[in-house]
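Encoded as structure tokens, the structure appears first; notes follow it.
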Amino acid sequence: MSLRGWVSALRDALHNTRRGSLMSLASVLSVAVTLLVLAVVSLLAVNLEYWAATAESQVEIKGYLCTAKRDEVKCGGRDLTQAETEAILERIRQMPDVVQVTFLSRHEALEQMKQADPSQAAIFEGYEGDENPLSDEVYVKVRDVELVPAVAEQIQRLDGVAKVDYGKEIVADLLAFTRAVRIAGLGLVLLLLFATVLTLSNTIRLSVYARRREVSIMKLVGATDWYIRRPFVLEGMLLGAVGAGLAGGVTAWGYMRLAPVIQQSVPFLPVVQPSLVLADLVLGLLLLGAALGAVGSYFSLRRFLKV
Amino acid sequence: MKTPSLDGINLEVDRGEFVFLVGPSGAGKSTLLKLLYREEVPTSGQLLIDGKDVAKLPPRAVPYLRRNLGVIFQDFKLLPDRTVFDNVAFALECTDVPRREIMRRVPAALELVGLRHKSRALAAELSGGEQQRVAVARAIVRNPVLVIADEPTGNLDPENTWAIMNLLNQINQMGATVVVATHAAEIVDSMKKRVVALERGRVVRDENRGTYGHES
């Protein structure tokens with residue numbers, strides 16, 4: 001396909017857009033609105049994912065090691081030796097999905113409690129040394145939150161581990177929530193994509209209709225379907241990209257203004273930095289708009305071109 | 001399906017022949033022509049052009065078939081808002097013929113139909129006879145092997161009818177096979193060409209140096 005062919009196809013596409021300028025404007029605007037919703041949904045999804053990932057990374061397994069004061073049968077009423085404790089930690093470190101293991105001895109734990117509230121430090125006197133009622137604890141972080149229950153189970157089975165704790169309900173809720181968000185988001189996105197294709201396809205159909213005489217002559221003199229299709233596909237891509245550009249611009253502007261405000265008023269909620277997502281979002285929208293335009297025009301022409 | 005528009009047609013046209021297709025409206029003349037340029041596909045049977053079965057042509061090959069044909073209609077099928085030159089050039093442009101080639105061939109085709117001096121006029125500004133001559137120029141600009149004309153003079157006065165028929169005859173003299181569906185009885189009678197008469201989808205008469213006859 002020659003360069004001249006592309007240039008003339010582009011010229012035709014621009015000409016078509018101008019000829020049906022009101023319709024072009026209408027479809028650009030409705031594409032922009034649809035893609036705006038899509039962009040907002042995407043940003044929400046990105047933030048929810050981020051939020052979920054942050055929450056997930058905070059999920060850890062807490063293991064209590066045996067001491068003489070614990071009453072679990074497997075502990076046998078005696079303290080672990082230094083070597084036994086080391087061995088347990090090493091076993092946990094060796095587990096394939098474990099990424100981080102932190103040990104907190106019961107003496108350190110007691111010190112932390114004292115320091116947390118110095119005014120009450122006197123209460124803890126008499127619980128030092130062998131009288132310490134706390135247990136040595138292991139904090140274990142796992143590669144993926146979905147693996148937490150299985151790893152916890154494995155740790156629980158180790159000799160010298162009295163008990164594990166990992167917030168079973170929280171993990172389950174978190175998983176269910178992120179899954180639901182993903183499915184709902186995907187459904188909505190598909191619906192919006194479909195609506196955009198439909199809008200663009202309809203506009204191009206009108207454009208083809210306005211040029212039906214030319215199209216029929218082109219077919220008659222032996223133009224290939226691709227040749228006939230090309231300006232319309234370009235027109236669709238152009239309309240889609242312009243609509244997407246509008247949607248992207250508005251979304252980017254809104255997010256840049258809104259993100260800091262939310263971050264400030266709800267400090268505990270993690271918000272994705274605008275600089276991290278907006279460039280990708282706008283670029284993605286432009287490509288998406290063009291692609292949807294191409295698909296839309298392709299479909300609206302297919303029936304028209306049938307011999 | 002209702003009754004077929006064409007049935008049991010067995011027809012052979014030699015290269016370089018000039019054939020008139022006559023018969024009453026609805027006899028199937030247009031349908032027969034449409035089969036030639038693959039606007040319609042026969043439900044059964046063969047249709048060979050240059051030994052190739054047009055009926056079995058895959059859709060993607062159809063444009064290349066049409067590049068070897070020139071088709072002329074009663075309503076001219078020009079683009080009224082474009083110049084005479086552009087209308088003829090259009091056939092070459094949308095098949096990716098190089099610019100230099102277009103600049104050479106279009107004036108030659110317009111010269112042949114006697115409209116070179118109107119190159120820059122808009123098609124809408126021309127008279128009916130002139131518009132049809134532009135359409136003829138567009139049909140022959142590629143030197144097609146076969147020129148198909150479907151009632152090319154249906155909208156023209158007798159004088160222009162003669163001009164167009166003479167033009168088609170001239171194109172035939174230059175080597176193209178020409179098939180013309182027409183109601184112009186007087187001209188058919190005086191041109192003494194092969195005449196194929198259709199009636200209700202069947203060939204009822206096929207004569208060399210024939211006349212329009214009385215069927216219609």
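Letters A, B, ... go to the chains of the structure tokens in the order shown; residues in each chain start at 1; ligands are counted from 1 in the same order.
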### Task
Would you list the contacts of Val28 (chain A) as a ChimeraX atom specification, taking every protein, DNA or RNA residue within 8 Å and counting only C-alpha atoms, but skipping same-chain residues closer than 2 positions in sequence?
/A:24-26,30-32,239-240,242-243
Write a file of the selected residues as a PDB file, in the first residue's frame, keeping N, CA and C atoms.
```
ATOM      1  N   SER A  24     -20.081  14.006  14.009  1.00  0.00           N
ATOM      2  CA  SER A  24     -18.759  13.684  14.539  1.00  0.00           C
ATOM      3  C   SER A  24     -18.621  14.220  15.955  1.00  0.00           C
ATOM      4  N   LEU A  25     -19.067  15.460  16.136  1.00  0.00           N
ATOM      5  CA  LEU A  25     -18.978  16.078  17.454  1.00  0.00           C
ATOM      6  C   LEU A  25     -19.794  15.283  18.465  1.00  0.00           C
ATOM      7  N   ALA A  26     -21.011  14.922  18.062  1.00  0.00           N
ATOM      8  CA  ALA A  26     -21.876  14.163  18.960  1.00  0.00           C
ATOM      9  C   ALA A  26     -21.221  12.851  19.362  1.00  0.00           C
ATOM     10  N   SER A  30     -19.953  11.612  23.045  1.00  0.00           N
ATOM     11  CA  SER A  30     -20.488  10.450  23.767  1.00  0.00           C
ATOM     12  C   SER A  30     -19.395   9.417  24.019  1.00  0.00           C
ATOM     13  N   VAL A  31     -18.439   9.326  23.079  1.00  0.00           N
ATOM     14  CA  VAL A  31     -17.288   8.448  23.338  1.00  0.00           C
ATOM     15  C   VAL A  31     -16.506   8.984  24.530  1.00  0.00           C
ATOM     16  N   ALA A  32     -16.343  10.314  24.573  1.00  0.00           N
ATOM     17  CA  ALA A  32     -15.589  10.921  25.676  1.00  0.00           C
ATOM     18  C   ALA A  32     -16.255  10.618  27.012  1.00  0.00           C
ATOM     19  N   LEU A 239     -11.945   9.633  15.468  1.00  0.00           N
ATOM     20  CA  LEU A 239     -13.018  10.012  16.395  1.00  0.00           C
ATOM     21  C   LEU A 239     -12.795   9.364  17.757  1.00  0.00           C
ATOM     22  N   GLY A 240     -12.431   8.076  17.736  1.00  0.00           N
ATOM     23  CA  GLY A 240     -12.199   7.359  18.993  1.00  0.00           C
ATOM     24  C   GLY A 240     -11.071   7.979  19.784  1.00  0.00           C
ATOM     25  N   VAL A 242      -9.853  11.055  19.559  1.00  0.00           N
ATOM     26  CA  VAL A 242     -10.181  12.399  20.058  1.00  0.00           C
ATOM     27  C   VAL A 242     -11.073  12.302  21.299  1.00  0.00           C
ATOM     28  N   GLY A 243     -12.080  11.438  21.231  1.00  0.00           N
ATOM     29  CA  GLY A 243     -12.940  11.225  22.398  1.00  0.00           C
ATOM     30  C   GLY A 243     -12.136  10.753  23.596  1.00  0.00           C
TER      31      GLY A 243
END
```
### Query
Given a cut-off of 6 Å, which residues of chain A touch chain B, counting only C-alpha atoms, written out as an MDAnalysis selection string?
chainID A and resid 221:224
Could you save the residues just selected, with N, CA and C atoms, as a CSV table (one decimal), in the first residue's frame?
```csv
chain,number,residue,atom,x,y,z
A,221,VAL,N,-15.4,-0.1,-10.1
A,221,VAL,CA,-14.1,0.0,-10.9
A,221,VAL,C,-13.0,-0.8,-10.3
A,222,GLY,N,-13.3,-1.7,-9.3
A,222,GLY,CA,-12.4,-2.6,-8.9
A,222,GLY,C,-11.5,-2.2,-7.7
A,223,ALA,N,-11.9,-1.3,-6.9
A,223,ALA,CA,-11.2,-1.0,-5.7
A,223,ALA,C,-11.3,-2.2,-4.7
A,224,THR,N,-10.3,-2.5,-4.0
A,224,THR,CA,-10.4,-3.6,-3.0
A,224,THR,C,-11.1,-3.1,-1.8
```
### Task
For Ala163 (chain B), work out the shell of residues within 12 Å, counting only C-alpha atoms and skipping chain neighbours fewer than 5 positions away, then give it as a ChimeraX atom specification.
/B:113-114,128-130,132-133,136,152-153,156-158,168-170,187
#### Entry: Interatomic distance, CA of Phe299 (chain A) to CA of Leu286 (chain A) (Å, one decimal)
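One can read the CA of Phe299 (chain A) to CA of Leu286 (chain A) distance as 20.1 Å.
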### Task
Could you tell me, as a PyMOL selection string, which residues of region 42-243 of chain A DSSP assigns to helix (DSSP H, G or I) when given the backbone?
chain A and resi 42-58+73-75+82-94+106-116+118-124+129-131+145-157+168-210+212-220+225-243
### Query
DSSP on the backbone: what in region 143-205 of chain A comes out strand (DSSP E or B), as an MDAnalysis selection string?
chainID A and resid 161:165
### Task
Extract, using only C-alpha atoms, all DNA, RNA and protein residues at most 10 Å from Leu175 (chain A), discarding same-chain residues fewer than 6 positions from it, and format them as number ranges by chain.
A: 52, 56, 145-146, 169
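The coordinates place CA of Pro107 (chain B) at 15.7 Å from CA of Gln131 (chain B).
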### Task
One decimal, Å: what's the distance from CA of Ala244 (chain A) over to CA of Pro260 (chain A), could you say?
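Between CA of Ala244 (chain A) and CA of Pro260 (chain A) the gap is 24.5 Å.
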Can you list, as a PDB file with N, CA, C and O atoms, in the first residue's frame, every protein, DNA or RNA residue that comes within 7 Å of Ala55 (chain B) when you count only C-alpha atoms, leaving out same-chain residues fewer than 6 positions away?
```pdb
ATOM      1  N   VAL B  41     -24.516 -13.528  -8.266  1.00  0.00           N
ATOM      2  CA  VAL B  41     -23.867 -14.825  -8.443  1.00  0.00           C
ATOM      3  C   VAL B  41     -24.947 -15.822  -8.860  1.00  0.00           C
ATOM      4  O   VAL B  41     -26.019 -15.869  -8.256  1.00  0.00           O
ATOM      5  N   PRO B  42     -24.697 -16.593  -9.906  1.00  0.00           N
ATOM      6  CA  PRO B  42     -25.723 -17.559 -10.342  1.00  0.00           C
ATOM      7  C   PRO B  42     -25.924 -18.655  -9.295  1.00  0.00           C
ATOM      8  O   PRO B  42     -24.982 -19.028  -8.601  1.00  0.00           O
ATOM      9  N   GLN B  46     -22.153 -22.304 -14.930  1.00  0.00           N
ATOM     10  CA  GLN B  46     -20.826 -21.730 -15.102  1.00  0.00           C
ATOM     11  C   GLN B  46     -20.913 -20.425 -15.854  1.00  0.00           C
ATOM     12  O   GLN B  46     -21.811 -20.224 -16.663  1.00  0.00           O
ATOM     13  N   LEU B  47     -19.959 -19.541 -15.590  1.00  0.00           N
ATOM     14  CA  LEU B  47     -19.909 -18.302 -16.341  1.00  0.00           C
ATOM     15  C   LEU B  47     -18.441 -17.987 -16.555  1.00  0.00           C
ATOM     16  O   LEU B  47     -17.760 -17.561 -15.629  1.00  0.00           O
TER      17      LEU B  47
END
```
### Message
Taking only C-alpha atoms into account, name the residue in B:Lys192, B:Arg104, B:His183, B:His117 that is nearest to Thr211 (chain B).
### Response
B:Lys192
Could you name the residues that touch Val197 (chain A) at 9 Å or less, counting only C-alpha atoms, but leaving out those on the same chain fewer than 5 positions away, as a PDB file with N, CA and C atoms, in the first residue's frame?
```pdb
ATOM      1  N   VAL A  31     -18.439   9.326  23.079  1.00  0.00           N
ATOM      2  CA  VAL A  31     -17.288   8.448  23.338  1.00  0.00           C
ATOM      3  C   VAL A  31     -16.506   8.984  24.530  1.00  0.00           C
ATOM      4  N   LEU A 192     -18.820  -0.860  28.884  1.00  0.00           N
ATOM      5  CA  LEU A 192     -18.446   0.462  28.380  1.00  0.00           C
ATOM      6  C   LEU A 192     -17.738   0.350  27.031  1.00  0.00           C
ATOM      7  N   ASN A 202     -21.877   3.375  14.653  1.00  0.00           N
ATOM      8  CA  ASN A 202     -23.049   4.064  14.142  1.00  0.00           C
ATOM      9  C   ASN A 202     -22.666   5.329  13.370  1.00  0.00           C
ATOM     10  N   GLY A 240     -12.431   8.076  17.736  1.00  0.00           N
ATOM     11  CA  GLY A 240     -12.199   7.359  18.993  1.00  0.00           C
ATOM     12  C   GLY A 240     -11.071   7.979  19.784  1.00  0.00           C
ATOM     13  N   LEU A 292     -10.908   0.961  19.362  1.00  0.00           N
ATOM     14  CA  LEU A 292     -12.362   0.785  19.341  1.00  0.00           C
ATOM     15  C   LEU A 292     -12.952   1.400  18.081  1.00  0.00           C
ATOM     16  N   GLY A 293     -12.401   2.556  17.676  1.00  0.00           N
ATOM     17  CA  GLY A 293     -12.866   3.195  16.441  1.00  0.00           C
ATOM     18  C   GLY A 293     -12.625   2.300  15.245  1.00  0.00           C
ATOM     19  N   ALA A 294     -11.452   1.689  15.194  1.00  0.00           N
ATOM     20  CA  ALA A 294     -11.135   0.795  14.075  1.00  0.00           C
ATOM     21  C   ALA A 294     -12.092  -0.386  14.056  1.00  0.00           C
ATOM     22  N   VAL A 295     -12.316  -0.971  15.222  1.00  0.00           N
ATOM     23  CA  VAL A 295     -13.223  -2.125  15.301  1.00  0.00           C
ATOM     24  C   VAL A 295     -14.635  -1.713  14.894  1.00  0.00           C
ATOM     25  N   GLY A 296     -15.084  -0.569  15.418  1.00  0.00           N
ATOM     26  CA  GLY A 296     -16.432  -0.088  15.106  1.00  0.00           C
ATOM     27  C   GLY A 296     -16.631   0.131  13.623  1.00  0.00           C
ATOM     28  N   SER A 297     -15.657   0.798  12.973  1.00  0.00           N
ATOM     29  CA  SER A 297     -15.833   1.060  11.542  1.00  0.00           C
ATOM     30  C   SER A 297     -15.756  -0.227  10.748  1.00  0.00           C
TER      31      SER A 297
END
```
### Query
Contacts of Leu44 (chain A) at 10 Å or less, counting only C-alpha atoms, minus same-chain residues fewer than 3 places along, as an NGL selection string?
:A and (38-41 or 47-50 or 181 or 185 or 271-272)
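With only C-alpha atoms as the atoms that count, the residue of A:Ala13, A:Ala53, A:Met237, A:Leu43 with the shortest distance to Arg143 (chain A) is A:Ala53.
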